[in-house]
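Asker: Mind having a look at this structure? Questions to follow.
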Protein chains: 4
Amino acid sequence: MKALVYKGAGEKSLEDRPRPSILQPTDAIVRMRWSTICGTDLHILKGDVPTCQPGRVLGHEGVGIVEQVGTAVSSFETGDHVLVSCISSCGKCSACRRGMYSHCETGGWILGNKIDGTQAEYVRIPHADTSLYPIPAGADEEVLVMLSDILPTGFECGVLNGRIQPGSTVAIVGAGPIGLATLVTAKLYSPAQIIALDRDDNRLKVAKEFGATDVVNIDKEDVQAAVMRLTGNTGVDCAIEAVGLPASFETCQRIVAAGGTIGVHGLKVDLHLEQLWDRNISITTRLVDTVSTPLLLKTVRAGSLDPRPLITHRFTLDKMLDAYDTFANASSTKALKVIVEMP
Amino acid sequence: MKALVYKGAGEKSLEDRPRPSILQPTDAIVRMRWSTICGTDLHILKGDVPTCQPGRVLGHEGVGIVEQVGTAVSSFETGDHVLVSCISSCGKCSACRRGMYSHCETGGWILGNKIDGTQAEYVRIPHADTSLYPIPAGADEEVLVMLSDILPTGFECGVLNGRIQPGSTVAIVGAGPIGLATLVTAKLYSPAQIIALDRDDNRLKVAKEFGATDVVNIDKEDVQAAVMRLTGNTGVDCAIEAVGLPASFETCQRIVAAGGTIGVHGLKVDLHLEQLWDRNISITTRLVDTVSTPLLLKTVRAGSLDPRPLITHRFTLDKMLDAYDTFANASSTKALKVIVEMP
Amino acid sequence: MKALVYKGAGEKSLEDRPRPSILQPTDAIVRMRWSTICGTDLHILKGDVPTCQPGRVLGHEGVGIVEQVGTAVSSFETGDHVLVSCISSCGKCSACRRGMYSHCETGGWILGNKIDGTQAEYVRIPHADTSLYPIPAGADEEVLVMLSDILPTGFECGVLNGRIQPGSTVAIVGAGPIGLATLVTAKLYSPAQIIALDRDDNRLKVAKEFGATDVVNIDKEDVQAAVMRLTGNTGVDCAIEAVGLPASFETCQRIVAAGGTIGVHGLKVDLHLEQLWDRNISITTRLVDTVSTPLLLKTVRAGSLDPRPLITHRFTLDKMLDAYDTFANASSTKALKVIVEMP
Amino acid sequence: MKALVYKGAGEKSLEDRPRPSILQPTDAIVRMRWSTICGTDLHILKGDVPTCQPGRVLGHEGVGIVEQVGTAVSSFETGDHVLVSCISSCGKCSACRRGMYSHCETGGWILGNKIDGTQAEYVRIPHADTSLYPIPAGADEEVLVMLSDILPTGFECGVLNGRIQPGSTVAIVGAGPIGLATLVTAKLYSPAQIIALDRDDNRLKVAKEFGATDVVNIDKEDVQAAVMRLTGNTGVDCAIEAVGLPASFETCQRIVAAGGTIGVHGLKVDLHLEQLWDRNISITTRLVDTVSTPLLLKTVRAGSLDPRPLITHRFTLDKMLDAYDTFANASSTKALKVIVEMP
């Protein structure tokens with residue numbers, strides 16, 4: 001089968017690889033129909049993810065059809081259409097029992113990282129019963145690829161951790177794919193204001209189309225002044241850092257209201273407790289657990305959540321390298337998420 | 001001034017009454033601009049509310065302009081446009097400190113009940129600082145009358161108590177004003193399904209217009225069978241009783257899913273613990289506290305919540321008796337809420 | 001092997017039965033060391049539990065040693081000392097993923113009900129990975145039998161559902177085993193008052209020894225008057241019905257404070273919504289899920305929770321019929337929980 | 001009257017000052033019976049608190065007797081014994097309505113900071129109805145001084161923010177007064193382990209007496225190794241920084257388990273998001289709101305919480321300067337909290 005393989009820092013290739021086979025009775029083999037590329041895949045390619053070694057098939061997102069199941073798999077059978085979660089969960093360990101699948105003792109984020117992933121014609125899914133989700137009949141299957149990772153990430157790390165409620169004011173720092181995924185899932189709670197901040201006017205234009213009530217170009221305006229003006233001088237109830245840079249986290253600290261929340265990602269940053277300590281702030285860090293996938297599937301099915309606008313480009317597997325180029329050069333290609341269709 | 005006065009069971013009149021004056025330093029006098037009639041007012045007129053004695057000016061909802069404030073009022077001054085809450089709250093007692101304003105030791109539901117109310121040109125508001133809400137400039141003031149009682153009631157007793165979340169399935173038993181207020185505020189949380197149940201096809205048609213995803217005429221269909229069919233045989237996550245009759249509560253008990261919630265009103269009913277005990281159900285009873293009024297004001301201002309469709313008829317104060325007739329005969333007049341405009 | 005078998009309404013016998021064997025790859029066979037008898041076993045013997053058919057080995061509680069595991073069991077191996085949960089949980093279905101193990105699609109309360117149970121020398125445990133709990137080295141294993149059912153029941157249905165917090169006032173109606181299990185687990189949250197109510201002075205004496213701050217004999221005092229006197233006329237924050245009779249539920253309704261909770265069991269009762277509707281009460285029904293078992297194991301290990309006083313009598317398996325007699329005649333034998341030791 | 005006055009950085013004196021008088025109708029004048037000194041008072045004396053200007057009477061804690069009330073005070077009258085909260089709360093503004101009294105628009109921490117405080121014979125208390133708490137008859141009044149600030153601080157910032165539950169593992173970094181206040185209030189939730197960390201063996205000895213299950217001297221042991229050893233290699237569910245130094249916050253980051261919480265104080269620190277981002281951590285900053293004071297009063301009254309061991313030294317007002325010396329030199333005097341008795 002064809003697969004996209006990480007070859008070491010800066011190198012990848014589309015190669016022929018043997019089809020995976022069942023290793024554990026709880027495994028399933030899935031024939032992939034659609035996959036996509038994640039920002040994390042770009043990190044791997046930079047050599048920044050030491051758990052991912054050269055020779056690894058990348059990819060942790062996608063939709064496919066069950067090809068074969070191990071003897072202990074009871075929820076799926078050959079022919080079932082399934083959504084692959086980016087997080088593998090055994091359902092048994094104490095982390096899984098608490099809904100913290102990202103810390104599953106034998107799972108977590110392993111696909112396309114510690115084991116071969118979904119940017120291939122076939123993939124082996126460990127703990128299949130609790131790591132795949134059935135796709136309801138009649139669903140628009142292709143768009144469900146957005147539920148493998150990016151939408152649960154935006155929802156869990158941004159919206160749920162941020163405790164967004166009807167009437168809340170929200171700022172999203174960074175209007176890239178994660179910021180937009182946060183934005184569209186935030187709307188499920190009817191916040192009063194969603195302010196998108198970015199330095200790219202095109203992204204801000206897209207954010208408006210996705211439902212931002214206000215946008216601020218951080219290169220053209222004093223961010224703190226702008227947010228204070230837009231919020232009647234109180235700051236936002238919830239500031240979400242969707243870039244992963246210290247400067248973005250600094251921004252969040254300057255615009256959050258007393259009693260508010262900051263949701264964060266990556267990197268070492270300065271935490272200004274000397275300014276925050278008396279402001280009753282919660283700062284949360286979180287890996288996506290995909291514990292919200294069933295909920296999000298229901299909202300997509302009900303039409304409350306439409307993932308399609310996140311998809312900007314489409315490729316077939318043989319053009320996988322082009323797909324990477326397009327996604328990696330998002331500022332010129334205006335790519336959000338690319339769909340890769342399998343043969 | 002003109003005022004609508006309760007004269008004893010079955011009797012009311014529009015009378016001349018002296019204008020109220022400040023009795024406590026925490027009082028305000030409000031010149032009413034708009035008021036409305038509540039189902040509770042009809043209960044009073046039937047003689048069913050013993051705390052309300054003949055001679056009482058009715059009404060606990062409305063919007064007006066502050067005419068005068070007591071010496072201890074610090075948040076409002078003459079000329080301020082204000083929303084009157086149906087619940088008076090001192091802000092000091094232990095119930096108020098816990099957000100349970102309905103049980104305020106010197107407040108709660110007293111307007112148009114234990115003291116004169118808002119169906120008059122002027123009203124005295126006790127604990128004004130914590131029982132009136134400022135109306136933001138530029139607001140459509142008339143529709144805010146819906147925030148005095150019916151929308152917080154639907155939201156607090158139905159939506160919050162029911163713990164409605166994105167993707168939830170909800171059944172609302174009774175598509176009258178309270179049911180519809182629950183429906184429109186439920187939508188703030190993007191439930192996947194809202195099933196409205198009633199015996200009146202017109203009301204069900206209105207429920208559809210308000211956003212119900214499904215409707216069931218309880219006289220024409222087997223309710224339990226219909227709800228099970230609509231929910232893939234699980235029942236609803238949240239069943240809200242919005243009629244106040246034992247039969248409606250029976251219905252709720254038959255259609256709620258394991259792990260679900262039932263929100264209820266009035267009357268003695270049979271609780272089938274022999275059926276419910278093993279189904280992890282929460283049944284909640286609640287008076288409206290109007291603790292959510294600031295949140296709802298934000299959602300109206302943001303356009304997430306539009307109260308206008310609840311208003312079906314308009315009257316001036318001198319036609320108050322006609323307004324009561326129209327509201328009391330809702331099945332023929334198709335009235336939801338009537339607005340009464342003051343001179 | 002010897003086993004206690006239900007023979008139809010009113011009949012049971014201690015019989016020789018074949019040892020169970022692995023049926024599913026997720027099964028384990030456990031050699032029992034200690035078991036006990038539950039009030040539910042008495043219900044079965046009255047013929048009141050239609051899911052339990054004659055020929056069934058009773059019992060859903062106990063501690064033992066793993067004898068054999070199926071091929072898909074990964075968390076346990078032969079020789080492990082284990083606590084058997086009264087609730088079997090697959091860890092995969094949507095109920096289990098939400099922590100509502102009692103509604104597991106292929107589990108729930110099946111042991112000693114729909115499949116053979118623990119009042120035998122050996123038992124087959126389905127979904128072993130997620131239905132057994134490892135016993136830490138050095139534990140007092142015998143007392144852990146109290147963690148199979150009664151302590152999680154008191155804790156989940158009473159304490160957690162009742163939202164007991166430091167400083168809370170609690171009333172427990174019924175000072176039998178379930179009431180006492182609620183009492184000892186309630187103390188984990190340091191409530192200010194725990195009032196035990198019963199008609200049996202001996203039980204009330206025991207409740208005092210278990211930590212009740214006040215006791216009320218419901219045959220000798222006006223219950224409502226007594227509770228109001230003890231609570232400064234407010235009623236209790238949390239009223240727990242631990243008897244299963246309509247009269248006890250009536251009592252709960254009369255003594256709960258505004259904003260309080262009522263936790264209930266069994267039977268059809270009158271729900272006085274005409275009295276409760278305006279008091280912001282939550283009534284919760286719940287089957288035990290045993291989702292709190294890991295937490296309770298930690299508190300026992302830390303010495304915060306001591307289950308031993310619940311054990312009043314001890315028998316060996318060959319005296320199982322005597323054990324039933326003693327437990328069934330608790331008012332004369334003063335039995336709380338009996339331990340049955342296996343050969 | 002005698003009062004302790006801040007005279008500028010490094011300077012204080014015990015002076016004669018005029019007795020305060022009612023300025024607002026919501027004020028009360030309280031004759032102090034006992035006060036104490038807070039670490040914050042030492043910060044002021046270093047010149048580190050710019051809101052506090054020279055000439056200010058210090059002190060924000062204490063117990064006294066109401067001497068006089070303004071015309072709008074309705075909950076207290078002359079002669080009432082009262083606990084003074086360190087936080088003044090109007091009960092009206094949106095922060096107070098949300099229970100975030102520390103951000104009261106006209107209150108918050110103003111006593112002994114922006115207005116004269118409690119280290120004097122008399123003090124003026126603004127918003128008296130909602131900033132004083134009645135002392136129940138028969139209470140040991142002196143120890144209630146510990147409920148003005150230090151116990152609510154430990155409880156709200158440490159225990160509630162840390163979401164401590166029965167069975168939790170807790171580390172408290174810093175066994176000074178705040179750490180110990182956290183420790184004694186944490187015990188209300190029956191955590192399985194409380195590990196105290198400090199560099200002073202005497203403090204660790206005291207922590208043991210207060211109920212720490214384990215202690216670690218951070219100068220003598222590798223902190224991370226010690227905590228991992230004590231927690232079966234998982235780290236703690238809740239790490240509380242009770243020192244206010246970057247190094248203590250670093251320690252918290254190294255010992256918190258996945259899914260855990262860090263509660264913090266003061267100063268700018270490095271936040272290692274590059275290590276924390278994938279560990280589902282909540283970091284909370286919080287000023288005390290004293291919203292838990294009624295709850296804590298109930299636990300003291302019930303005997304669940306005994307503040308007395310926090311009191312190590314006693315002085316009369318005329319020895320106030322000695323009291324400051326003793327408190328400031330805690331490492332040699334072994335002072336925790338000092339009580340200052342008024343004439």
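Ordering of the structure tokens sets the chain letters (A, B, ...); residue numbers start at 1 within each chain; ligands are numbered from 1 in the order shown.
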Would you list the contacts of Lys334 (chain C) as a list in words, taking every protein, DNA or RNA residue within 12 Å and counting only C-alpha atoms, but skipping same-chain residues closer than 2 positions in sequence?

Answerer: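 That gives Ala175, Gly176, Pro177, Asp200, Asp201, Asn202, Arg203, Leu204, Lys205, Val206, Leu310, Ile311, Thr312, His313, Asp325, Thr326, Phe327, Ala328, Asn329, Ala330, Ser331, Ser332, Leu336, Lys337 and Val338 of chain C.
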
Asker: Need the shell around region 45-61 of chain A: protein/DNA/RNA residues with any atom at most 7 Å away, counting only C-alpha atoms. Skip same-chain ones fewer than 4 positions apart. Format as a short mmCIF file (atom, residue, chain, number, x, y, z; two decimals) with N, CA, C and O atoms, in the first residue's frame?

Answerer:
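Listing of out_12.cif after writing:
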```cif
data_model
loop_
_atom_site.label_atom_id
_atom_site.label_comp_id
_atom_site.auth_asym_id
_atom_site.auth_seq_id
_atom_site.Cartn_x
_atom_site.Cartn_y
_atom_site.Cartn_z
N ALA A 3 1.94 4.93 1.46
CA ALA A 3 1.89 5.58 2.76
C ALA A 3 2.87 6.74 2.80
O ALA A 3 3.92 6.71 2.13
N LEU A 4 2.54 7.77 3.57
CA LEU A 4 3.43 8.91 3.72
C LEU A 4 4.32 8.65 4.94
O LEU A 4 3.82 8.51 6.06
N VAL A 5 5.66 8.58 4.68
CA VAL A 5 6.58 8.14 5.72
C VAL A 5 7.53 9.26 6.11
O VAL A 5 8.10 9.95 5.26
N TYR A 6 7.66 9.42 7.43
CA TYR A 6 8.64 10.37 8.00
C TYR A 6 10.03 9.74 7.92
O TYR A 6 10.24 8.62 8.37
N LYS A 7 10.97 10.49 7.32
CA LYS A 7 12.29 9.92 7.07
C LYS A 7 13.38 10.56 7.93
O LYS A 7 14.57 10.35 7.71
N GLY A 8 12.99 11.39 8.88
CA GLY A 8 13.97 12.14 9.66
C GLY A 8 13.76 13.62 9.43
O GLY A 8 13.04 14.01 8.50
N ALA A 9 14.37 14.45 10.29
CA ALA A 9 14.09 15.89 10.26
C ALA A 9 14.16 16.45 8.84
O ALA A 9 15.17 16.31 8.15
N GLY A 10 13.05 17.05 8.42
CA GLY A 10 13.02 17.71 7.11
C GLY A 10 12.72 16.79 5.96
O GLY A 10 12.64 17.24 4.82
N GLU A 11 12.55 15.49 6.23
CA GLU A 11 12.38 14.57 5.09
C GLU A 11 11.16 13.67 5.23
O GLU A 11 10.88 13.15 6.30
N SER A 35 -8.08 11.16 4.76
CA SER A 35 -7.26 11.58 5.88
C SER A 35 -6.99 13.08 5.73
O SER A 35 -7.54 13.74 4.84
N THR A 36 -6.18 13.62 6.62
CA THR A 36 -5.82 15.04 6.52
C THR A 36 -4.45 15.22 7.18
O THR A 36 -3.84 14.26 7.65
N ILE A 37 -3.96 16.44 7.15
CA ILE A 37 -2.66 16.76 7.74
C ILE A 37 -2.88 17.73 8.89
O ILE A 37 -3.71 18.63 8.81
N ASP A 41 1.88 17.24 12.48
CA ASP A 41 2.68 16.53 11.48
C ASP A 41 3.85 17.42 11.01
O ASP A 41 4.96 16.92 10.78
N VAL A 84 -11.89 7.67 12.84
CA VAL A 84 -10.70 7.35 13.64
C VAL A 84 -10.42 8.51 14.58
O VAL A 84 -10.30 9.65 14.14
N SER A 85 -10.33 8.24 15.88
CA SER A 85 -9.95 9.29 16.82
C SER A 85 -8.44 9.44 16.85
O SER A 85 -7.71 8.46 16.75
N CYS A 86 -7.96 10.66 17.00
CA CYS A 86 -6.51 10.87 17.08
C CYS A 86 -5.94 10.30 18.39
O CYS A 86 -4.74 10.11 18.50
N LEU A 111 -0.99 7.18 17.36
CA LEU A 111 -1.15 7.06 15.90
C LEU A 111 -0.28 8.08 15.17
O LEU A 111 -0.34 9.28 15.47
N GLY A 112 0.48 7.60 14.20
CA GLY A 112 1.33 8.52 13.43
C GLY A 112 2.39 9.16 14.31
O GLY A 112 2.92 10.22 13.99
N ASN A 113 2.70 8.51 15.42
CA ASN A 113 3.67 9.05 16.38
C ASN A 113 4.52 7.88 16.90
O ASN A 113 5.67 7.72 16.49
N LYS A 114 3.93 7.03 17.72
CA LYS A 114 4.65 5.86 18.21
C LYS A 114 4.33 4.62 17.39
O LYS A 114 5.05 3.62 17.47
N ILE A 115 3.21 4.62 16.68
CA ILE A 115 2.87 3.53 15.75
C ILE A 115 2.43 4.16 14.43
O ILE A 115 2.16 5.36 14.38
N ASP A 116 2.36 3.36 13.40
CA ASP A 116 2.03 3.90 12.08
C ASP A 116 0.61 4.46 12.05
O ASP A 116 -0.29 3.95 12.72
N GLY A 117 0.45 5.53 11.22
CA GLY A 117 -0.78 6.30 11.25
C GLY A 117 -1.65 6.20 10.01
O GLY A 117 -1.59 5.20 9.26
N THR A 118 -2.44 7.24 9.80
CA THR A 118 -3.58 7.19 8.89
C THR A 118 -3.32 7.79 7.50
O THR A 118 -4.22 7.80 6.68
N GLN A 119 -2.15 8.29 7.25
CA GLN A 119 -1.86 8.81 5.92
C GLN A 119 -1.36 7.66 5.05
O GLN A 119 -0.24 7.64 4.54
N VAL A 145 -13.93 13.89 8.99
CA VAL A 145 -12.49 13.90 9.24
C VAL A 145 -12.13 15.04 10.21
O VAL A 145 -11.19 14.93 11.01
N SER A 148 -11.82 14.05 13.92
CA SER A 148 -10.76 13.19 14.45
C SER A 148 -9.90 13.93 15.47
O SER A 148 -9.42 13.34 16.43
N ASP A 149 -9.68 15.22 15.23
CA ASP A 149 -8.73 15.93 16.08
C ASP A 149 -9.09 17.40 16.24
O ASP A 149 -9.29 17.88 17.36
#
```

Asker: So that each row is one residue of chain D with an atom at most 12 Å from chain B, can you give its shortest atom pair and the distance in Å to one decimal, using only C-alpha atoms, rows by chain and rising number, as a Markdown table?

Answerer:
```
| residue | atom | partner | partner_atom | distance |
| --- | --- | --- | --- | --- |
| D:Gln24 | CA | B:Ala72 | CA | 9.0 |
| D:Pro25 | CA | B:Ala72 | CA | 6.9 |
| D:Thr26 | CA | B:Ala72 | CA | 7.7 |
| D:Asp27 | CA | B:Ala72 | CA | 11.3 |
| D:Gly70 | CA | B:Ala72 | CA | 10.2 |
| D:Thr71 | CA | B:Ala72 | CA | 8.4 |
| D:Ala72 | CA | B:Ala72 | CA | 6.1 |
| D:Val73 | CA | B:Ala72 | CA | 9.5 |
| D:Ser74 | CA | B:Lys92 | CA | 9.2 |
| D:Ser75 | CA | B:Lys92 | CA | 8.2 |
| D:Phe76 | CA | B:Lys92 | CA | 11.5 |
| D:Ser89 | CA | B:Lys92 | CA | 10.0 |
| D:Cys90 | CA | B:Gly91 | CA | 8.6 |
| D:Gly91 | CA | B:Gly91 | CA | 5.3 |
| D:Lys92 | CA | B:Thr130 | CA | 5.9 |
| D:Cys93 | CA | B:Thr130 | CA | 8.5 |
| D:Ser94 | CA | B:Pro294 | CA | 8.7 |
| D:Ala95 | CA | B:Pro294 | CA | 11.8 |
| D:Cys96 | CA | B:Arg97 | CA | 8.6 |
| D:Arg97 | CA | B:Gly99 | CA | 7.5 |
| D:Arg98 | CA | B:Gly99 | CA | 8.2 |
| D:Gly99 | CA | B:Arg97 | CA | 7.5 |
| D:Met100 | CA | B:Arg97 | CA | 11.0 |
| D:Tyr101 | CA | B:Arg97 | CA | 10.7 |
| D:Glu105 | CA | B:Ser75 | CA | 11.4 |
| D:Thr106 | CA | B:Ser74 | CA | 11.0 |
| D:His127 | CA | B:Lys92 | CA | 10.0 |
| D:Ala128 | CA | B:Lys92 | CA | 10.0 |
| D:Asp129 | CA | B:Lys92 | CA | 6.5 |
| D:Thr130 | CA | B:Lys92 | CA | 5.9 |
| D:Ser131 | CA | B:Lys92 | CA | 9.6 |
| D:Leu132 | CA | B:Lys92 | CA | 10.8 |
| D:Tyr133 | CA | B:Ser94 | CA | 10.9 |
| D:Pro134 | CA | B:Ser94 | CA | 11.9 |
| D:Thr290 | CA | B:Arg97 | CA | 11.8 |
| D:Val291 | CA | B:Arg97 | CA | 8.6 |
| D:Ser292 | CA | B:Arg98 | CA | 10.6 |
| D:Thr293 | CA | B:Ser94 | CA | 11.5 |
| D:Pro294 | CA | B:Ser94 | CA | 8.8 |
| D:Leu295 | CA | B:Ser94 | CA | 11.1 |
```

Asker: Write out as a VMD selection string all residues of region 121-286 of chain A that DSSP puts in alpha helix (DSSP H) for this structure's backbone.

Answerer: chain A and resid 150 to 153 177 to 186 201 to 210 223 to 230 246 to 255 273 to 276

Asker: Quick one: residues within 8 Å of Val243 (chain D), only C-alpha atoms counted, chain neighbours fewer than 2 positions away excluded, as a PyMOL selection string?

Answerer: chain D and resi 173-174+176+179+241+245+248+265

Asker: List the spatial neighbours of Thr185 (chain B) as a PyMOL selection string - criterion: any atom at most 8 Å away, only C-alpha atoms, same-chain residues fewer than 4 positions off excluded.

Answerer: chain B and resi 151+154-155+159+181+189+305

Asker: Based on the selection just made, write C-alpha atoms of those residues as a PDB file, in the first residue's frame.

Answerer:
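Once everything was written out, this is again.pdb:
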```
ATOM      1  CA  LEU B 151     -37.628  33.999  29.947  1.00  0.00           C
ATOM      2  CA  GLY B 154     -37.904  29.008  31.138  1.00  0.00           C
ATOM      3  CA  PHE B 155     -34.142  29.315  31.313  1.00  0.00           C
ATOM      4  CA  VAL B 159     -32.675  24.819  30.717  1.00  0.00           C
ATOM      5  CA  ALA B 181     -39.730  30.430  26.700  1.00  0.00           C
ATOM      6  CA  TYR B 189     -27.035  25.543  24.211  1.00  0.00           C
ATOM      7  CA  LEU B 305     -32.044  35.444  21.880  1.00  0.00           C
TER       8      LEU B 305
END
```

Asker: Applying 7 Å and only C-alpha atoms, which residues near region 136-144 of chain A remain after dropping the ones on its own chain fewer than 3 positions away? List them as a ChimeraX atom specification.

Answerer: /A:34,147,307-308

Asker: Go ahead and dump the residues you just picked, N, CA and C atoms, as a tab-separated table (two decimals), in the first residue's frame.

Answerer:
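And here is the file that came out, selection_32.tsv:
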```
chain	number	residue	atom	x	y	z
A	34	TRP	N	-10.53	8.82	3.75
A	34	TRP	CA	-10.03	10.19	3.75
A	34	TRP	C	-9.13	10.41	4.95
A	147	LEU	N	-13.58	15.75	12.75
A	147	LEU	CA	-13.87	15.34	14.13
A	147	LEU	C	-12.81	14.39	14.70
A	307	PRO	N	-18.73	21.43	9.88
A	307	PRO	CA	-17.27	21.46	9.75
A	307	PRO	C	-16.78	21.82	8.35
A	308	ARG	N	-17.67	21.80	7.34
A	308	ARG	CA	-17.20	21.90	5.96
A	308	ARG	C	-16.34	23.13	5.67
```

Asker: In Å, how far is it from CA of Ser304 (chain A) to CA of Ala192 (chain B)?

Answerer: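 About the pair CA of Ser304 (chain A) and CA of Ala192 (chain B): they are 7.3 Å apart.
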
Asker: Assign secondary structure with DSSP using the backbone only, and return the residues of region 207-258 of chain A in strand (DSSP E) as number ranges by chain.

Answerer: A: 214-217, 236-241, 256-258

Asker: Excluding region 16-20 of chain A and any residue of its chain fewer than 4 positions from it, enumerate the residues within 8 Å of it, using only C-alpha atoms, and give them as a list of chain:residue names.

Answerer: A:Met1, A:Lys2, A:Ala3, A:Ile29, A:Tyr122, A:Val123, A:Arg124

Asker: Got time to write the residues from that selection, C-alpha atoms, as a PDB file, in the first residue's frame?

Answerer:
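What follows is the written file out04.pdb:
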```
ATOM      1  CA  MET A   1       0.000   0.000   0.000  1.00  0.00           C
ATOM      2  CA  LYS A   2       1.006   3.654  -0.406  1.00  0.00           C
ATOM      3  CA  ALA A   3       1.891   5.579   2.762  1.00  0.00           C
ATOM      4  CA  ILE A  29      -7.563  -2.810  10.531  1.00  0.00           C
ATOM      5  CA  TYR A 122      -4.676   0.960   5.688  1.00  0.00           C
ATOM      6  CA  VAL A 123      -4.050   1.524   9.364  1.00  0.00           C
ATOM      7  CA  ARG A 124      -4.011  -0.659  12.451  1.00  0.00           C
TER       8      ARG A 124
END
```
